[in-house]
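So this block is start.cif, mmCIF, N, CA and C atoms:
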```cif
data_coords
loop_
_atom_site.group_PDB
_atom_site.id
_atom_site.type_symbol
_atom_site.label_atom_id
_atom_site.label_comp_id
_atom_site.auth_asym_id
_atom_site.auth_seq_id
_atom_site.Cartn_x
_atom_site.Cartn_y
_atom_site.Cartn_z
ATOM 1 N N MET R 25 -9.289 21.489 0.224
ATOM 2 C CA MET R 25 -10.462 20.759 0.625
ATOM 3 C C MET R 25 -11.613 21.726 0.803
ATOM 4 N N HIS R 26 -12.778 21.249 0.562
ATOM 5 C CA HIS R 26 -13.989 22.025 0.778
ATOM 6 C C HIS R 26 -14.822 21.303 1.818
ATOM 7 N N PHE R 27 -15.389 22.060 2.726
ATOM 8 C CA PHE R 27 -16.256 21.511 3.749
ATOM 9 C C PHE R 27 -17.654 22.074 3.549
ATOM 10 N N TYR R 28 -18.645 21.226 3.665
ATOM 11 C CA TYR R 28 -20.041 21.638 3.554
ATOM 12 C C TYR R 28 -20.745 21.240 4.843
ATOM 13 N N THR R 29 -21.574 22.126 5.365
ATOM 14 C CA THR R 29 -22.305 21.832 6.582
ATOM 15 C C THR R 29 -23.592 22.635 6.615
ATOM 16 N N ARG R 30 -24.510 22.173 7.402
ATOM 17 C CA ARG R 30 -25.714 22.959 7.650
ATOM 18 C C ARG R 30 -25.318 24.127 8.540
ATOM 19 N N THR R 31 -26.088 25.182 8.460
ATOM 20 C CA THR R 31 -25.804 26.352 9.283
ATOM 21 C C THR R 31 -26.981 26.660 10.187
ATOM 22 N N GLU R 32 -26.693 27.384 11.228
ATOM 23 C CA GLU R 32 -27.710 27.884 12.144
ATOM 24 C C GLU R 32 -27.544 29.390 12.176
ATOM 25 N N SER R 33 -28.530 30.122 11.721
ATOM 26 C CA SER R 33 -28.470 31.589 11.634
ATOM 27 C C SER R 33 -27.285 32.042 10.782
ATOM 28 N N GLY R 34 -26.980 31.283 9.737
ATOM 29 C CA GLY R 34 -25.906 31.655 8.818
ATOM 30 C C GLY R 34 -24.512 31.229 9.249
ATOM 31 N N LEU R 35 -24.384 30.578 10.390
ATOM 32 C CA LEU R 35 -23.082 30.136 10.895
ATOM 33 C C LEU R 35 -23.047 28.620 11.000
ATOM 34 N N PRO R 36 -21.856 28.030 10.836
ATOM 35 C CA PRO R 36 -21.776 26.580 11.018
ATOM 36 C C PRO R 36 -22.091 26.194 12.457
ATOM 37 N N THR R 37 -22.572 24.985 12.644
ATOM 38 C CA THR R 37 -22.826 24.501 14.000
ATOM 39 C C THR R 37 -21.512 24.503 14.780
ATOM 40 N N ALA R 38 -21.594 24.423 16.084
ATOM 41 C CA ALA R 38 -20.390 24.421 16.921
ATOM 42 C C ALA R 38 -19.478 23.254 16.561
ATOM 43 N N ALA R 39 -20.053 22.073 16.344
ATOM 44 C CA ALA R 39 -19.240 20.900 15.997
ATOM 45 C C ALA R 39 -18.549 21.091 14.654
ATOM 46 N N ALA R 40 -19.270 21.607 13.654
ATOM 47 C CA ALA R 40 -18.670 21.840 12.336
ATOM 48 C C ALA R 40 -17.605 22.918 12.424
ATOM 49 N N GLY R 41 -17.875 23.967 13.173
ATOM 50 C CA GLY R 41 -16.897 25.039 13.342
ATOM 51 C C GLY R 41 -15.617 24.547 13.986
ATOM 52 N N ALA R 42 -15.731 23.656 14.968
ATOM 53 C CA ALA R 42 -14.551 23.103 15.635
ATOM 54 C C ALA R 42 -13.708 22.292 14.658
ATOM 55 N N LEU R 43 -14.358 21.523 13.792
ATOM 56 C CA LEU R 43 -13.624 20.724 12.803
ATOM 57 C C LEU R 43 -12.945 21.620 11.778
ATOM 58 N N VAL R 44 -13.683 22.548 11.205
ATOM 59 C CA VAL R 44 -13.150 23.415 10.157
ATOM 60 C C VAL R 44 -12.002 24.268 10.689
ATOM 61 N N SER R 45 -12.093 24.748 11.923
ATOM 62 C CA SER R 45 -11.036 25.599 12.470
ATOM 63 C C SER R 45 -9.705 24.856 12.583
ATOM 64 N N ARG R 46 -9.737 23.546 12.761
ATOM 65 C CA ARG R 46 -8.483 22.764 12.802
ATOM 66 C C ARG R 46 -7.771 22.813 11.462
ATOM 67 N N PHE R 47 -8.512 22.861 10.361
ATOM 68 C CA PHE R 47 -7.932 22.898 9.024
ATOM 69 C C PHE R 47 -7.582 24.317 8.585
ATOM 70 N N ALA R 48 -8.173 25.327 9.214
ATOM 71 C CA ALA R 48 -7.973 26.714 8.803
ATOM 72 C C ALA R 48 -6.818 27.390 9.537
ATOM 73 N N SER R 49 -6.257 26.735 10.505
ATOM 74 C CA SER R 49 -5.170 27.325 11.290
ATOM 75 C C SER R 49 -3.940 27.572 10.412
ATOM 76 N N ALA R 50 -3.168 28.616 10.741
ATOM 77 C CA ALA R 50 -1.955 28.952 9.973
ATOM 78 C C ALA R 50 -0.938 27.816 10.030
ATOM 79 N N LYS R 51 -0.839 27.138 11.176
ATOM 80 C CA LYS R 51 0.063 25.995 11.315
ATOM 81 C C LYS R 51 -0.756 24.813 11.820
ATOM 82 N N LEU R 52 -0.891 23.813 10.961
ATOM 83 C CA LEU R 52 -1.690 22.642 11.310
ATOM 84 C C LEU R 52 -1.002 21.800 12.372
ATOM 85 N N ASP R 53 -1.802 21.142 13.193
ATOM 86 C CA ASP R 53 -1.287 20.166 14.135
ATOM 87 C C ASP R 53 -0.553 19.088 13.337
ATOM 88 N N GLN R 54 0.599 18.651 13.806
ATOM 89 C CA GLN R 54 1.424 17.705 13.044
ATOM 90 C C GLN R 54 0.688 16.393 12.753
ATOM 91 N N GLU R 55 -0.104 15.895 13.681
ATOM 92 C CA GLU R 55 -0.848 14.649 13.438
ATOM 93 C C GLU R 55 -1.886 14.835 12.336
ATOM 94 N N LEU R 56 -2.566 15.979 12.326
ATOM 95 C CA LEU R 56 -3.536 16.267 11.274
ATOM 96 C C LEU R 56 -2.826 16.401 9.931
ATOM 97 N N LEU R 57 -1.700 17.114 9.912
ATOM 98 C CA LEU R 57 -0.925 17.280 8.687
ATOM 99 C C LEU R 57 -0.484 15.925 8.140
ATOM 100 N N GLN R 58 0.002 15.060 9.000
ATOM 101 C CA GLN R 58 0.429 13.734 8.565
ATOM 102 C C GLN R 58 -0.743 12.945 7.988
ATOM 103 N N ALA R 59 -1.901 13.019 8.619
ATOM 104 C CA ALA R 59 -3.086 12.314 8.114
ATOM 105 C C ALA R 59 -3.478 12.824 6.730
ATOM 106 N N ILE R 60 -3.402 14.128 6.519
ATOM 107 C CA ILE R 60 -3.721 14.707 5.208
ATOM 108 C C ILE R 60 -2.772 14.160 4.147
ATOM 109 N N ILE R 61 -1.482 14.164 4.451
ATOM 110 C CA ILE R 61 -0.466 13.692 3.492
ATOM 111 C C ILE R 61 -0.630 12.198 3.226
ATOM 112 N N GLU R 62 -0.903 11.421 4.258
ATOM 113 C CA GLU R 62 -1.067 9.970 4.092
ATOM 114 C C GLU R 62 -2.281 9.617 3.245
ATOM 115 N N ARG R 63 -3.198 10.545 3.088
ATOM 116 C CA ARG R 63 -4.359 10.331 2.219
ATOM 117 C C ARG R 63 -4.126 10.905 0.830
ATOM 118 N N HIS R 64 -2.839 11.140 0.534
ATOM 119 C CA HIS R 64 -2.386 11.581 -0.799
ATOM 120 C C HIS R 64 -2.909 12.953 -1.200
ATOM 121 N N LEU R 65 -3.095 13.809 -0.210
ATOM 122 C CA LEU R 65 -3.487 15.187 -0.481
ATOM 123 C C LEU R 65 -2.284 16.094 -0.223
ATOM 124 N N VAL R 66 -2.194 17.179 -0.946
ATOM 125 C CA VAL R 66 -1.108 18.136 -0.747
ATOM 126 C C VAL R 66 -1.647 19.269 0.111
ATOM 127 N N PRO R 67 -1.118 19.438 1.320
ATOM 128 C CA PRO R 67 -1.601 20.510 2.180
ATOM 129 C C PRO R 67 -1.180 21.881 1.649
ATOM 130 N N LYS R 68 -1.945 22.881 2.003
ATOM 131 C CA LYS R 68 -1.681 24.250 1.555
ATOM 132 C C LYS R 68 -0.266 24.698 1.927
ATOM 133 N N CYS R 69 0.234 24.268 3.087
ATOM 134 C CA CYS R 69 1.556 24.695 3.544
ATOM 135 C C CYS R 69 2.697 24.135 2.693
ATOM 136 N N ALA R 70 2.424 23.149 1.846
ATOM 137 C CA ALA R 70 3.460 22.577 0.984
ATOM 138 C C ALA R 70 3.403 23.121 -0.438
ATOM 139 N N MET R 71 2.401 23.922 -0.725
ATOM 140 C CA MET R 71 2.253 24.443 -2.085
ATOM 141 C C MET R 71 3.215 25.600 -2.335
ATOM 142 N N LYS R 72 3.733 25.665 -3.550
ATOM 143 C CA LYS R 72 4.688 26.713 -3.920
ATOM 144 C C LYS R 72 4.162 27.610 -5.033
ATOM 145 N N VAL R 73 3.047 27.220 -5.661
ATOM 146 C CA VAL R 73 2.431 28.022 -6.718
ATOM 147 C C VAL R 73 0.926 28.074 -6.507
ATOM 148 N N LYS R 74 0.288 29.060 -7.144
ATOM 149 C CA LYS R 74 -1.164 29.175 -7.076
ATOM 150 C C LYS R 74 -1.678 29.686 -8.412
ATOM 151 N N ARG R 75 -2.956 29.577 -8.605
ATOM 152 C CA ARG R 75 -3.646 30.129 -9.776
ATOM 153 C C ARG R 75 -4.742 31.036 -9.235
ATOM 154 N N THR R 76 -4.796 32.261 -9.727
ATOM 155 C CA THR R 76 -5.847 33.158 -9.258
ATOM 156 C C THR R 76 -7.165 32.794 -9.917
ATOM 157 N N PRO R 77 -7.299 32.851 -11.252
ATOM 158 C CA PRO R 77 -8.527 32.296 -11.840
ATOM 159 C C PRO R 77 -8.327 30.795 -12.074
ATOM 160 N N GLU R 78 -9.412 30.068 -12.061
ATOM 161 C CA GLU R 78 -9.360 28.628 -12.345
ATOM 162 C C GLU R 78 -8.629 28.386 -13.657
ATOM 163 N N MET R 79 -7.610 27.554 -13.642
ATOM 164 C CA MET R 79 -6.765 27.191 -14.795
ATOM 165 C C MET R 79 -6.012 28.402 -15.362
ATOM 166 N N GLY R 80 -5.882 29.474 -14.574
ATOM 167 C CA GLY R 80 -5.128 30.653 -14.980
ATOM 168 C C GLY R 80 -3.630 30.390 -14.870
ATOM 169 N N PRO R 81 -2.817 31.402 -15.121
ATOM 170 C CA PRO R 81 -1.364 31.226 -15.057
ATOM 171 C C PRO R 81 -0.897 30.981 -13.613
ATOM 172 N N LEU R 82 0.210 30.268 -13.493
ATOM 173 C CA LEU R 82 0.782 29.991 -12.182
ATOM 174 C C LEU R 82 1.530 31.214 -11.675
ATOM 175 N N SER R 83 1.477 31.425 -10.369
ATOM 176 C CA SER R 83 2.269 32.474 -9.742
ATOM 177 C C SER R 83 2.832 31.931 -8.431
ATOM 178 N N ALA R 84 3.899 32.541 -7.941
ATOM 179 C CA ALA R 84 4.563 32.074 -6.721
ATOM 180 C C ALA R 84 3.609 32.174 -5.532
ATOM 181 N N TYR R 85 3.749 31.236 -4.598
ATOM 182 C CA TYR R 85 2.904 31.189 -3.418
ATOM 183 C C TYR R 85 3.732 30.693 -2.244
ATOM 184 N N SER R 86 3.514 31.272 -1.086
ATOM 185 C CA SER R 86 4.156 30.773 0.129
ATOM 186 C C SER R 86 3.206 30.986 1.306
ATOM 187 N N THR R 87 3.454 30.258 2.378
ATOM 188 C CA THR R 87 2.614 30.362 3.570
ATOM 189 C C THR R 87 3.475 30.775 4.756
ATOM 190 N N GLU R 88 2.823 31.097 5.862
ATOM 191 C CA GLU R 88 3.543 31.477 7.084
ATOM 192 C C GLU R 88 4.364 30.315 7.639
ATOM 193 N N SER R 89 3.913 29.114 7.431
ATOM 194 C CA SER R 89 4.566 27.938 8.003
ATOM 195 C C SER R 89 4.658 26.845 6.947
ATOM 196 N N ALA R 90 5.758 26.832 6.202
ATOM 197 C CA ALA R 90 5.950 25.841 5.140
ATOM 198 C C ALA R 90 6.093 24.436 5.722
ATOM 199 N N CYS R 91 5.679 23.433 4.933
ATOM 200 C CA CYS R 91 5.783 22.043 5.395
ATOM 201 C C CYS R 91 6.232 21.103 4.273
ATOM 202 N N GLY R 92 6.909 21.636 3.267
ATOM 203 C CA GLY R 92 7.355 20.820 2.138
ATOM 204 C C GLY R 92 8.297 19.701 2.540
ATOM 205 N N CYS R 93 9.181 19.968 3.490
ATOM 206 C CA CYS R 93 10.122 18.934 3.939
ATOM 207 C C CYS R 93 9.393 17.808 4.657
ATOM 208 N N PHE R 94 8.430 18.176 5.502
ATOM 209 C CA PHE R 94 7.643 17.167 6.210
ATOM 210 C C PHE R 94 6.826 16.351 5.217
ATOM 211 N N LEU R 95 6.264 17.009 4.203
ATOM 212 C CA LEU R 95 5.518 16.307 3.158
ATOM 213 C C LEU R 95 6.425 15.296 2.465
ATOM 214 N N ASP R 96 7.641 15.709 2.096
ATOM 215 C CA ASP R 96 8.584 14.785 1.453
ATOM 216 C C ASP R 96 8.836 13.564 2.325
ATOM 217 N N LYS R 97 9.081 13.781 3.607
ATOM 218 C CA LYS R 97 9.395 12.680 4.516
ATOM 219 C C LYS R 97 8.215 11.717 4.653
ATOM 220 N N VAL R 98 7.018 12.237 4.834
ATOM 221 C CA VAL R 98 5.839 11.380 5.009
ATOM 222 C C VAL R 98 5.470 10.685 3.703
ATOM 223 N N ALA R 99 5.453 11.428 2.605
ATOM 224 C CA ALA R 99 5.017 10.866 1.324
ATOM 225 C C ALA R 99 6.041 9.935 0.696
ATOM 226 N N ASN R 100 7.328 10.249 0.850
ATOM 227 C CA ASN R 100 8.374 9.484 0.157
ATOM 228 C C ASN R 100 9.273 8.672 1.082
ATOM 229 N N GLY R 101 9.128 8.869 2.376
ATOM 230 C CA GLY R 101 9.963 8.150 3.323
ATOM 231 C C GLY R 101 11.331 8.773 3.519
ATOM 232 N N ALA R 102 11.633 9.862 2.819
ATOM 233 C CA ALA R 102 12.933 10.523 2.935
ATOM 234 C C ALA R 102 12.801 11.966 2.467
ATOM 235 N N THR R 103 13.722 12.797 2.933
ATOM 236 C CA THR R 103 13.787 14.183 2.497
ATOM 237 C C THR R 103 15.239 14.622 2.499
ATOM 238 N N SER R 104 15.572 15.563 1.650
ATOM 239 C CA SER R 104 16.943 16.088 1.614
ATOM 240 C C SER R 104 17.101 17.255 2.581
ATOM 241 N N CYS R 105 16.048 17.629 3.265
ATOM 242 C CA CYS R 105 16.086 18.761 4.201
ATOM 243 C C CYS R 105 16.835 18.394 5.481
ATOM 244 N N LYS R 106 17.450 19.403 6.065
ATOM 245 C CA LYS R 106 18.152 19.242 7.331
ATOM 246 C C LYS R 106 17.133 19.239 8.466
ATOM 247 N N THR R 107 17.327 18.378 9.447
ATOM 248 C CA THR R 107 16.447 18.376 10.615
ATOM 249 C C THR R 107 16.859 19.499 11.558
ATOM 250 N N CYS R 108 15.911 19.945 12.367
ATOM 251 C CA CYS R 108 16.194 21.006 13.333
ATOM 252 C C CYS R 108 15.421 20.734 14.612
ATOM 253 N N GLY R 109 15.922 21.303 15.679
ATOM 254 C CA GLY R 109 15.274 21.104 16.966
ATOM 255 C C GLY R 109 14.574 22.337 17.491
ATOM 256 N N GLY R 110 14.804 23.479 16.868
ATOM 257 C CA GLY R 110 14.161 24.696 17.329
ATOM 258 C C GLY R 110 14.789 25.931 16.720
ATOM 259 N N PRO R 111 14.375 27.102 17.167
ATOM 260 C CA PRO R 111 14.900 28.359 16.625
ATOM 261 C C PRO R 111 16.424 28.429 16.719
ATOM 262 N N GLY R 112 17.056 28.946 15.697
ATOM 263 C CA GLY R 112 18.510 29.084 15.667
ATOM 264 C C GLY R 112 19.240 27.837 15.229
ATOM 265 N N ASP R 113 18.518 26.765 14.972
ATOM 266 C CA ASP R 113 19.137 25.482 14.606
ATOM 267 C C ASP R 113 18.954 25.222 13.110
ATOM 268 N N PHE R 114 19.256 26.237 12.274
ATOM 269 C CA PHE R 114 19.048 26.093 10.838
ATOM 270 C C PHE R 114 19.960 27.051 10.080
ATOM 271 N N PRO R 115 20.224 26.775 8.808
ATOM 272 C CA PRO R 115 21.067 27.665 7.996
ATOM 273 C C PRO R 115 20.292 28.912 7.558
ATOM 274 N N ALA R 116 21.012 29.943 7.118
ATOM 275 C CA ALA R 116 20.386 31.188 6.671
ATOM 276 C C ALA R 116 19.474 30.965 5.469
ATOM 277 N N SER R 117 19.761 29.963 4.652
ATOM 278 C CA SER R 117 18.948 29.681 3.462
ATOM 279 C C SER R 117 17.587 29.075 3.807
ATOM 280 N N ALA R 118 17.456 28.535 5.001
ATOM 281 C CA ALA R 118 16.194 27.943 5.447
ATOM 282 C C ALA R 118 15.970 28.361 6.902
ATOM 283 N N PRO R 119 15.583 29.635 7.133
ATOM 284 C CA PRO R 119 15.564 30.203 8.480
ATOM 285 C C PRO R 119 14.360 29.883 9.379
ATOM 286 N N ALA R 120 13.719 28.773 9.178
ATOM 287 C CA ALA R 120 12.600 28.401 10.052
ATOM 288 C C ALA R 120 12.648 26.912 10.346
ATOM 289 N N CYS R 121 12.247 26.550 11.534
ATOM 290 C CA CYS R 121 12.176 25.142 11.915
ATOM 291 C C CYS R 121 10.693 24.774 11.966
ATOM 292 N N ASN R 122 10.224 24.109 10.920
ATOM 293 C CA ASN R 122 8.818 23.725 10.809
ATOM 294 C C ASN R 122 8.682 22.215 10.777
ATOM 295 N N TYR R 123 7.922 21.688 11.692
ATOM 296 C CA TYR R 123 7.651 20.247 11.758
ATOM 297 C C TYR R 123 8.942 19.432 11.816
ATOM 298 N N GLY R 124 9.988 20.016 12.441
ATOM 299 C CA GLY R 124 11.241 19.296 12.634
ATOM 300 C C GLY R 124 12.242 19.426 11.503
ATOM 301 N N TYR R 125 11.956 20.262 10.492
ATOM 302 C CA TYR R 125 12.857 20.417 9.352
ATOM 303 C C TYR R 125 13.103 21.893 9.067
ATOM 304 N N CYS R 126 14.299 22.208 8.559
ATOM 305 C CA CYS R 126 14.662 23.573 8.175
ATOM 306 C C CYS R 126 13.912 23.917 6.883
ATOM 307 N N GLU R 127 13.167 25.002 6.925
ATOM 308 C CA GLU R 127 12.359 25.445 5.777
ATOM 309 C C GLU R 127 12.682 26.900 5.482
ATOM 310 N N SER R 128 12.321 27.335 4.274
ATOM 311 C CA SER R 128 12.559 28.723 3.896
ATOM 312 C C SER R 128 11.646 29.680 4.637
ATOM 313 N N LEU R 129 10.521 29.231 5.123
ATOM 314 C CA LEU R 129 9.613 30.045 5.950
ATOM 315 C C LEU R 129 9.112 29.227 7.097
#
```

structure tokens encoding of this file:
Amino acid sequence: MHFYTRTESGLPTAAAGALVSRFASAKLDQELLQAIIERHLVPKCAMKVKRTPEMGPLSAYSTESACGCFLDKVANGATSCKTCGGPGDFPASAPACNYGYCESL
């Protein structure tokens, strides 16, 4: 997503900055993440590939806090991922508990 706003002395207004910072966080608030997915957008945390130049070749991509399992559940109503309740509650193949699901990161 791209955000456009007026600036004051080269910086976004306080209100615009508060909004943009919610989307720029390493781990999005679960309600915000769900709203993004429900509007048929793919959040950055669910992406697995990237392109450096526009329409360039694909390369592997990962984030600090993956959300692919949560995206599957919200978008499709189901996911094959194992649920988790917190640290230590996941297999070695998916060593993180993100948004209630075992993820690789």

Nearby residues, (5.0, 3.7, 0.5) file frame, 12 Å, only C-alpha atoms, as a PyMOL selection string: chain R and resi 61-64+96-102

Atom N of Ala70 (chain R) to CA of Pro119 (chain R), straight-line distance in Å: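 The value is 16.3 Å.
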
Result set, the PyMOL selection byres ((chain R and resi 71-75) around 8) on current file, as a VMD selection string: chain R and resid 66 to 70 76 to 87 90 to 92

DSSP helix (DSSP H, G or I) residues within chain R, as a ChimeraX atom specification: /R:38-48,54-62,68-70,92-100

Rows by chain and residue number, region 52-128 of chain R within 8 Å of region 32-46 of chain R, shortest pair, all atoms listed in the file, as JSON lines:
```
{"residue": "R:Leu52", "atom": "CA", "partner": "R:Arg46", "partner_atom": "C", "distance": 6.1}
{"residue": "R:Asp53", "atom": "N", "partner": "R:Arg46", "partner_atom": "C", "distance": 6.4}
{"residue": "R:Leu56", "atom": "CA", "partner": "R:Arg46", "partner_atom": "C", "distance": 7.8}
```

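Straight-line separation from atom N of Phe94 (chain R) to atom N of Gly124 (chain R): 7.3 Å.
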
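Restricting the calculation to only C-alpha atoms, the smallest distance between Lys106 (chain R) and any of R:Arg30, R:Ala120, R:Ser89, R:Cys126 is found for R:Cys126.
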
CA of Ala118 (chain R) to CA of Ile60 (chain R), straight-line distance in Å: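 Going from CA of Ile60 (chain R) over to CA of Ala118 (chain R) covers 23.9 Å.
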